[in-house]
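Asks: Hey, dropping run-v5.csv in here, CSV, C-alpha atoms:
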chain,number,residue,atom,x,y,z
J,1,MET,CA,78.2,-46.5,66.1
J,2,VAL,CA,80.5,-46.5,69.1
J,3,ARG,CA,80.4,-49.6,71.1
J,4,SER,CA,81.9,-50.4,74.5
J,5,MET,CA,83.7,-53.7,75.1
J,6,THR,CA,81.8,-54.3,78.3
J,7,GLY,CA,78.6,-56.2,78.2
J,8,TYR,CA,76.5,-59.0,79.6
J,9,GLY,CA,73.7,-61.2,78.2
J,10,ARG,CA,71.7,-64.2,79.4
J,11,ALA,CA,69.1,-66.5,78.0
J,12,GLU,CA,67.6,-69.9,78.7
J,13,ALA,CA,65.2,-72.4,77.2
J,14,VAL,CA,64.2,-76.1,77.4
J,15,LEU,CA,65.4,-78.3,74.5
J,16,ASP,CA,64.4,-82.0,74.3
J,17,GLY,CA,63.5,-82.1,78.0
J,18,GLN,CA,66.7,-80.4,79.1
J,19,LYS,CA,67.0,-76.8,80.3
J,20,PHE,CA,69.9,-74.9,78.7
J,21,SER,CA,71.1,-71.5,79.9
J,22,VAL,CA,73.7,-69.3,78.1
J,23,GLU,CA,75.6,-66.5,79.8
J,24,VAL,CA,77.9,-64.1,77.8
J,25,LYS,CA,80.3,-61.7,79.4
J,26,SER,CA,82.4,-59.2,77.6
J,27,LEU,CA,85.4,-57.2,79.0
J,28,ASN,CA,88.2,-55.1,77.6
J,29,HIS,CA,91.0,-56.7,75.6
J,30,ARG,CA,93.3,-55.6,72.8
J,31,PHE,CA,92.2,-58.5,70.6
J,32,LEU,CA,89.3,-60.9,70.4
J,33,GLU,CA,89.7,-63.7,72.9
J,34,ILE,CA,86.8,-66.2,73.3
J,35,SER,CA,86.6,-68.6,76.3
J,36,LEU,CA,83.9,-71.3,76.4
J,37,ARG,CA,82.6,-73.4,79.3
J,38,LEU,CA,80.4,-76.1,77.9
J,39,PRO,CA,78.9,-79.4,79.0
J,40,ALA,CA,80.8,-82.3,77.6
J,41,MET,CA,78.0,-83.2,75.3
J,42,LEU,CA,78.4,-79.8,73.5
J,43,SER,CA,82.1,-80.0,73.0
J,44,ALA,CA,81.7,-80.7,69.3
J,45,LEU,CA,80.0,-77.4,68.9
J,46,GLU,CA,82.9,-75.3,70.3
J,47,MET,CA,84.2,-74.1,66.9
J,48,GLU,CA,80.7,-73.3,65.6
J,49,ILE,CA,80.0,-71.1,68.7
J,50,LYS,CA,83.4,-69.3,68.4
J,51,LYS,CA,82.8,-68.7,64.7
J,52,LYS,CA,79.4,-67.2,65.4
J,53,ILE,CA,80.8,-64.8,68.1
J,54,ALA,CA,83.7,-63.8,65.8
J,55,GLU,CA,81.2,-62.7,63.2
J,56,LEU,CA,79.7,-60.2,65.6
J,57,LEU,CA,82.7,-58.8,67.5
J,58,LEU,CA,86.2,-57.5,66.7
J,59,ARG,CA,87.7,-57.0,70.1
J,60,GLY,CA,87.1,-58.0,73.7
J,61,LYS,CA,87.6,-60.9,76.2
J,62,ILE,CA,84.4,-62.9,75.7
J,63,ASP,CA,83.4,-65.5,78.3
J,64,VAL,CA,80.6,-67.8,77.3
J,65,THR,CA,79.1,-70.3,79.8
J,66,ILE,CA,76.5,-72.9,78.7
J,67,ARG,CA,74.8,-74.9,81.4
J,68,ARG,CA,72.5,-77.9,81.0
J,69,GLU,CA,69.9,-79.1,83.6
J,70,ALA,CA,68.0,-82.3,82.8
J,71,GLN,CA,64.3,-82.1,83.4
J,72,GLY,CA,63.2,-85.5,84.8
J,73,ASP,CA,65.7,-88.0,83.5
J,74,ALA,CA,63.6,-91.1,83.8
J,75,GLU,CA,60.8,-89.7,81.8
J,76,ASN,CA,63.0,-88.5,79.0
J,77,GLY,CA,64.7,-91.7,78.0
J,78,HIS,CA,67.6,-91.6,80.4
J,79,ALA,CA,68.3,-95.0,82.1
J,80,LEU,CA,70.6,-96.1,84.9
J,81,VAL,CA,73.4,-98.5,84.2
J,82,LEU,CA,75.5,-100.4,86.6
J,83,ASN,CA,79.2,-99.6,86.9
J,84,LEU,CA,80.1,-103.2,87.7
J,85,PRO,CA,83.9,-102.9,87.8
J,86,LEU,CA,83.6,-100.1,90.3
J,87,ALA,CA,81.1,-102.1,92.4
J,88,ARG,CA,83.5,-105.0,92.5
J,89,ASN,CA,86.3,-102.8,93.5
J,90,TYR,CA,84.2,-101.3,96.4
J,91,PHE,CA,83.3,-104.9,97.5
J,92,ALA,CA,87.0,-105.9,97.5
J,93,VAL,CA,88.1,-102.8,99.5
J,94,LEU,CA,85.3,-103.2,102.0
J,95,SER,CA,86.1,-106.9,102.4
J,96,GLN,CA,89.8,-106.0,103.1
J,97,LEU,CA,88.7,-103.4,105.6
J,98,LYS,CA,86.4,-105.9,107.4
J,99,GLN,CA,89.2,-108.5,107.6
J,100,SER,CA,91.9,-106.0,108.7
J,101,LEU,CA,89.7,-104.6,111.5
J,102,ASN,CA,88.2,-108.0,112.4
J,103,LEU,CA,84.6,-106.7,111.9
J,104,LYS,CA,81.6,-108.9,112.1
J,105,ASP,CA,79.2,-106.7,109.9
J,106,GLU,CA,78.2,-108.2,106.6
J,107,ILE,CA,78.8,-106.3,103.4
J,108,SER,CA,75.3,-105.7,102.1
J,109,LEU,CA,73.9,-104.7,98.7
J,110,GLU,CA,72.7,-101.4,100.3
J,111,MET,CA,76.2,-100.6,101.4
J,112,ILE,CA,77.7,-101.1,98.0
J,113,ALA,CA,74.8,-99.4,96.1
J,114,SER,CA,75.2,-96.3,98.2
J,115,GLN,CA,78.8,-95.7,97.0
J,116,LYS,CA,79.5,-92.9,94.5
J,117,ASP,CA,79.2,-93.7,90.8
J,118,VAL,CA,78.1,-97.3,91.2
J,119,PHE,CA,75.1,-96.3,89.1
J,120,LEU,CA,75.5,-94.0,86.2
J,121,THR,CA,73.0,-92.2,83.9
J,122,ALA,CA,73.0,-93.5,80.3
J,123,GLU,CA,72.0,-90.6,78.1
J,124,SER,CA,70.1,-91.2,74.9
J,125,PRO,CA,72.0,-90.2,71.8
J,126,GLN,CA,71.6,-86.5,70.9
J,127,ASP,CA,70.7,-85.2,67.5
J,128,MET,CA,73.4,-82.5,67.4
J,129,ALA,CA,72.0,-80.8,64.3
J,130,SER,CA,68.7,-80.3,66.0
J,131,LEU,CA,70.3,-79.4,69.3
J,132,TRP,CA,72.5,-76.8,67.7
J,133,LYS,CA,69.5,-75.2,65.9
J,134,GLY,CA,67.8,-74.8,69.3
J,135,LEU,CA,70.9,-73.8,71.1
J,136,MET,CA,71.7,-71.2,68.5
J,137,LEU,CA,68.4,-69.4,69.3
J,138,ILE,CA,69.4,-69.2,73.0
J,139,LEU,CA,72.9,-68.0,72.1
J,140,ASP,CA,71.5,-65.4,69.7
J,141,GLU,CA,69.3,-64.0,72.5
J,142,ALA,CA,72.2,-63.9,75.0
J,143,LEU,CA,74.5,-62.2,72.5
J,144,ALA,CA,71.7,-59.7,71.6
J,145,GLY,CA,71.5,-58.7,75.2
J,146,MET,CA,75.2,-58.3,75.5
J,147,MET,CA,75.4,-56.3,72.3
J,148,GLU,CA,72.6,-54.0,73.5
J,149,MET,CA,74.5,-53.3,76.7
J,150,ARG,CA,77.7,-52.6,74.7
J,151,ARG,CA,75.7,-50.2,72.5
J,152,ARG,CA,74.2,-48.3,75.5
J,153,GLU,CA,77.5,-48.0,77.2
J,154,GLY,CA,79.1,-47.0,73.9
J,155,GLU,CA,76.6,-44.1,73.6
J,156,SER,CA,77.5,-42.9,77.1
J,157,LEU,CA,81.2,-43.1,76.2
J,158,SER,CA,80.6,-41.2,73.0
J,159,GLN,CA,78.9,-38.3,74.8
J,160,ASP,CA,81.8,-38.1,77.3
J,161,LEU,CA,84.4,-38.2,74.6
J,162,SER,CA,82.6,-35.5,72.5
J,163,ALA,CA,82.5,-33.2,75.6
J,164,ARG,CA,86.2,-33.6,76.2
J,165,LEU,CA,87.0,-33.0,72.6
J,166,GLU,CA,85.0,-29.8,72.7
J,167,VAL,CA,87.0,-28.7,75.8
J,168,MET,CA,90.2,-29.3,73.9
J,169,ALA,CA,88.9,-27.4,70.8
J,170,LYS,CA,88.2,-24.4,73.0
J,171,ARG,CA,91.7,-24.5,74.6
J,172,LEU,CA,93.2,-24.8,71.1
J,173,ASN,CA,91.2,-21.7,69.9
J,174,GLU,CA,92.6,-19.7,72.8
J,175,ILE,CA,96.1,-20.8,72.0
J,176,GLU,CA,95.6,-19.9,68.3
J,177,GLU,CA,94.4,-16.4,69.2
J,178,MET,CA,97.4,-15.8,71.4
J,179,ALA,CA,100.0,-17.3,69.1
J,180,PRO,CA,100.7,-14.3,66.7
J,181,GLN,CA,101.2,-11.9,69.6
J,182,VAL,CA,103.4,-14.4,71.4
J,183,VAL,CA,105.7,-14.6,68.4
J,184,LEU,CA,105.9,-10.8,68.2
J,185,GLU,CA,106.7,-10.5,71.9
J,186,TYR,CA,109.3,-13.2,71.5
J,187,GLN,CA,110.9,-11.3,68.6
J,188,LYS,CA,110.9,-8.1,70.7
J,189,ARG,CA,112.5,-9.8,73.8
J,190,LEU,CA,115.1,-11.4,71.6
J,191,SER,CA,116.1,-8.2,69.9
J,192,GLU,CA,116.4,-6.4,73.2
J,193,ARG,CA,118.5,-9.2,74.6
J,194,VAL,CA,120.8,-9.1,71.7
J,195,ARG,CA,121.3,-5.4,72.1
J,196,GLU,CA,122.1,-5.8,75.8
J,197,LEU,CA,124.7,-8.4,75.0
J,198,THR,CA,126.4,-6.4,72.2
J,199,GLY,CA,126.6,-3.3,74.5
J,200,GLY,CA,127.7,-0.2,72.5
J,201,LEU,CA,128.8,-2.2,69.4
J,202,VAL,CA,127.3,-1.2,66.1
J,203,VAL,CA,124.8,-3.9,64.9
J,204,ASP,CA,123.6,-4.5,61.4
J,205,GLU,CA,119.9,-4.0,62.0
J,206,THR,CA,118.9,-5.9,58.8
J,207,ARG,CA,121.0,-8.9,59.8
J,208,LEU,CA,119.8,-8.7,63.3
J,209,SER,CA,116.2,-8.7,62.1
J,210,GLN,CA,116.8,-11.7,59.9
J,211,GLU,CA,118.4,-13.7,62.7
J,212,VAL,CA,115.7,-12.8,65.2
J,213,ALA,CA,113.0,-13.7,62.6
J,214,ILE,CA,114.7,-17.2,62.1
J,215,LEU,CA,114.8,-17.9,65.8
J,216,ALA,CA,111.2,-16.6,66.3
J,217,GLU,CA,110.0,-18.9,63.4
J,218,LYS,CA,111.3,-21.9,65.3
J,219,SER,CA,108.9,-21.0,68.1
J,220,ASP,CA,105.9,-20.7,65.7
J,221,ILE,CA,103.2,-23.3,66.6
J,222,THR,CA,100.9,-22.7,63.6
J,223,GLU,CA,101.6,-26.1,62.0
J,224,GLU,CA,101.0,-27.9,65.3
J,225,ILE,CA,97.7,-26.0,65.8
J,226,VAL,CA,96.5,-27.0,62.3
J,227,ARG,CA,97.4,-30.6,62.8
J,228,LEU,CA,95.8,-30.8,66.2
J,229,ARG,CA,92.6,-29.3,64.9
J,230,SER,CA,92.6,-31.8,62.1
J,231,HIS,CA,93.0,-34.7,64.6
J,232,LEU,CA,90.1,-33.3,66.7
J,233,GLY,CA,87.9,-33.2,63.6
J,234,GLN,CA,88.8,-36.8,62.7
J,235,PHE,CA,88.1,-38.0,66.2
J,236,LEU,CA,84.6,-36.5,66.1
J,237,GLU,CA,83.9,-38.0,62.6
J,238,MET,CA,84.8,-41.4,63.9
J,239,LEU,CA,82.4,-41.1,66.8
J,240,ASP,CA,79.6,-40.5,64.3
J,241,GLY,CA,80.7,-43.5,62.1
J,242,GLU,CA,79.5,-47.1,62.0
J,243,GLU,CA,82.9,-48.9,62.2
J,244,ALA,CA,84.7,-50.1,65.3
J,245,ILE,CA,87.1,-47.3,66.2
J,246,GLY,CA,88.9,-48.3,69.3
J,247,ARG,CA,92.3,-48.9,67.8
J,248,LYS,CA,92.1,-46.0,65.4
J,249,VAL,CA,91.3,-43.4,68.1
J,250,ASP,CA,94.0,-44.9,70.4
J,251,PHE,CA,96.5,-44.1,67.7
J,252,LEU,CA,95.0,-40.7,67.0
J,253,ILE,CA,95.3,-39.8,70.7
J,254,GLN,CA,99.0,-40.6,70.5
J,255,GLU,CA,99.4,-38.1,67.6
J,256,MET,CA,97.3,-35.5,69.4
J,257,ASN,CA,99.6,-35.9,72.5
J,258,ARG,CA,102.6,-35.4,70.2
J,259,GLU,CA,101.2,-32.1,68.9
J,260,VAL,CA,100.3,-30.8,72.3
J,261,ASN,CA,103.8,-31.6,73.7
J,262,THR,CA,105.4,-29.8,70.8
J,263,ILE,CA,103.2,-26.7,71.4
J,264,GLY,CA,104.2,-26.7,75.0
J,265,SER,CA,107.9,-27.0,74.2
J,266,LYS,CA,107.9,-24.3,71.6
J,267,SER,CA,106.0,-21.7,73.5
J,268,SER,CA,107.3,-19.9,76.5
J,269,ASP,CA,104.1,-18.0,77.2
J,270,ALA,CA,102.6,-18.7,80.6
J,271,HIS,CA,99.0,-18.6,79.4
J,272,ILE,CA,99.6,-21.0,76.5
J,273,SER,CA,101.4,-23.3,79.0
J,274,ARG,CA,98.3,-23.4,81.1
J,275,GLN,CA,96.2,-24.3,78.1
J,276,VAL,CA,98.6,-27.1,77.3
J,277,ILE,CA,98.4,-28.5,80.8
J,278,GLU,CA,94.6,-28.5,80.5
J,279,MET,CA,94.7,-30.3,77.2
J,280,LYS,CA,97.1,-32.9,78.5
J,281,SER,CA,94.6,-33.5,81.3
J,282,GLU,CA,91.8,-34.1,78.9
J,283,LEU,CA,94.0,-36.3,76.7
J,284,ALA,CA,94.8,-38.5,79.7
J,285,LYS,CA,91.0,-38.9,80.3
J,286,LEU,CA,90.4,-39.6,76.7
J,287,ARG,CA,93.1,-42.2,76.6
J,288,GLU,CA,91.6,-44.0,79.6
J,289,GLN,CA,88.1,-43.9,78.1
J,290,VAL,CA,89.0,-45.2,74.7
J,291,GLN,CA,90.5,-48.3,76.2
J,292,ASN,CA,86.9,-49.6,76.5
J,293,LEU,CA,85.9,-48.9,72.9
J,294,GLU,CA,85.6,-51.8,70.5
Represent the supplied structure as structure tokens.
Replies:
Amino acid sequence: MVRSMTGYGRAEAVLDGQKFSVEVKSLNHRFLEISLRLPAMLSALEMEIKKKIAELLLRGKIDVTIRREAQGDAENGHALVLNLPLARNYFAVLSQLKQSLNLKDEISLEMIASQKDVFLTAESPQDMASLWKGLMLILDEALAGMMEMRRREGESLSQDLSARLEVMAKRLNEIEEMAPQVVLEYQKRLSERVRELTGGLVVDETRLSQEVAILAEKSDITEEIVRLRSHLGQFLEMLDGEEAIGRKVDFLIQEMNREVNTIGSKSSDAHISRQVIEMKSELAKLREQVQNLE
């Protein structure tokens, strides 16, 4: 099954009084690159999350964002603790400011308590095994959404690629039909040119025919046609397969391009040259599309 490398999935749930949301984004990349953005409390799960994703995907730049939103801290065992060293520091700085500016205002409890991070939330210890079990379900749901999007886009890409391969196959058939006549015409032109150059000299017709045949053989494109048709067939088979094919078809397109270029360089026929140009255009579009295949 052809899969795109572009996808998105999202899921959320409440675990132990805390709301967790998971977002997974997937973009094109030559290899598998996984980037995680996690709450500090989940940092110990980073390797487990990466391992789980690596079991599903072969290629792509994967961005995973997990967010946590506490649902009513006081009711869920979260307590406030005093950051006494910071409170003392605030008092010392405010006292210095009061003295320096010769202010009469008193430094009150309300003033110090309103400063940032004087009070901190003390979180109750988390059962990481239980948390991972619940978080895994959310991650599975988000990954499933992303995989479904990659699958749907892969189907669209497969249809487009198949259509372009069909166009190339038609162009190749036209070239194959013209190829024998092109060789004969080349032999004829070459023989006439040799006779023009030799003027009235006596020419060994047998030797001339042999030399012309050798030169004409060098312009024969039969082998290139056979190889190109084989490549087209392999490409179509891969589109119907179950494996990830991105790297394979990228290499196959390079080989197809080589055969098309050789056909173009060997043939001097204008009609074949036009077909070669059309096939090069389709190859360029194929190359662009397959960059998004896993």
Asks: Pick the closest to Ile263 in chain J from J:Val226, J:Ile66, J:Leu293, J:Leu38: which is it, counting all atoms listed in the file?
Replies: J:Val226
Asks: For Ala13 in chain J, which residue among J:Leu137, J:Gln291, J:Glu110, J:Glu242 is the nearest when counting all atoms listed in the file?
Replies: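 Residue with the minimum atom-to-atom distance to Ala13 in chain J: J:Leu137.
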Asks: Considering only C-alpha atoms, can you say which of J:Leu32, J:Val64, J:Ile225, J:Met238 comes closest to Glu177 in chain J?
Replies: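 Result for the nearest residue to Glu177 in chain J: J:Ile225.
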Asks: Quick one: residues within 8 Å of range 82-94 of chain J, only C-alpha atoms counted, chain neighbours fewer than 6 positions away excluded, as a count of residues only?
Replies: 8
Asks: Neighbours of Arg287 in chain J within 7 Å (all atoms listed in the file; same-chain residues fewer than 4 positions away dropped), as a PyMOL selection string?
Replies: chain J and resi 250+253+283+291
Asks: Have a look at J:Asp63, J:Glu148, J:Asp240, J:Glu224 and name the one nearest to Glu255 in chain J; count only C-alpha atoms.
Replies: J:Glu224
Asks: What gap, in Å, lies between CA of Arg30 in chain J and CA of Glu141 in chain J?
Replies: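 So the answer is 25.4 Å.
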Asks: Which one is closest to Asp160 in chain J: J:His231, J:Lys285, J:Arg3, J:Arg37? Count all atoms listed in the file.
Replies: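 For Asp160 in chain J, the nearest of the given residues is J:Lys285.
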Asks: Could you tell me how far CA of Ile175 in chain J lies from CA of Gly241 in chain J, in Å and to one decimal?
Replies: 29.2 Å
Asks: Could you pull the residues within 9 Å of Asp16 in chain J, counting only C-alpha atoms, minus those fewer than 2 positions along the same chain, as a list in words?
Replies: Val14, Gln18, Lys19, Asn76 and Leu131 of chain J
Asks: Interatomic distance between CA of Met149 in chain J and CA of Met168 in chain J?
Replies: 28.8 Å
Asks: Taking (79.3, -46.6, 73.1) as a centre in this file's frame and 8 Å as the limit, can you find every polymer residue with an atom that close, using only C-alpha atoms, and give them as a PyMOL selection string?
Replies: chain J and resi 1-4+150-158+293
Asks: Kindly export the residues of the current selection with C-alpha atoms, as a PDB file, in the frame of the given file.
Replies:
ATOM      1  CA  MET J   1      78.200 -46.500  66.100  1.00  0.00           C
ATOM      2  CA  VAL J   2      80.500 -46.500  69.100  1.00  0.00           C
ATOM      3  CA  ARG J   3      80.400 -49.600  71.100  1.00  0.00           C
ATOM      4  CA  SER J   4      81.900 -50.400  74.500  1.00  0.00           C
ATOM      5  CA  ARG J 150      77.700 -52.600  74.700  1.00  0.00           C
ATOM      6  CA  ARG J 151      75.700 -50.200  72.500  1.00  0.00           C
ATOM      7  CA  ARG J 152      74.200 -48.300  75.500  1.00  0.00           C
ATOM      8  CA  GLU J 153      77.500 -48.000  77.200  1.00  0.00           C
ATOM      9  CA  GLY J 154      79.100 -47.000  73.900  1.00  0.00           C
ATOM     10  CA  GLU J 155      76.600 -44.100  73.600  1.00  0.00           C
ATOM     11  CA  SER J 156      77.500 -42.900  77.100  1.00  0.00           C
ATOM     12  CA  LEU J 157      81.200 -43.100  76.200  1.00  0.00           C
ATOM     13  CA  SER J 158      80.600 -41.200  73.000  1.00  0.00           C
ATOM     14  CA  LEU J 293      85.900 -48.900  72.900  1.00  0.00           C
TER      15      LEU J 293
END
Asks: Do a neighbour search on Ala11 in chain J at 9 Å with all atoms listed in the file, toss out local chain neighbours closer than 5 positions, and write the hits as an MDAnalysis selection string.
Replies: chainID J and resid 20:23 138:143 145
Asks: Using only C-alpha atoms, pick whichever of J:Val249, J:Ala169, J:Leu42, J:Met146 has the shortest atom-to-atom distance to Val290 in chain J.
Replies: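 Once distances to Val290 in chain J are computed over only C-alpha atoms, the minimum belongs to J:Val249.
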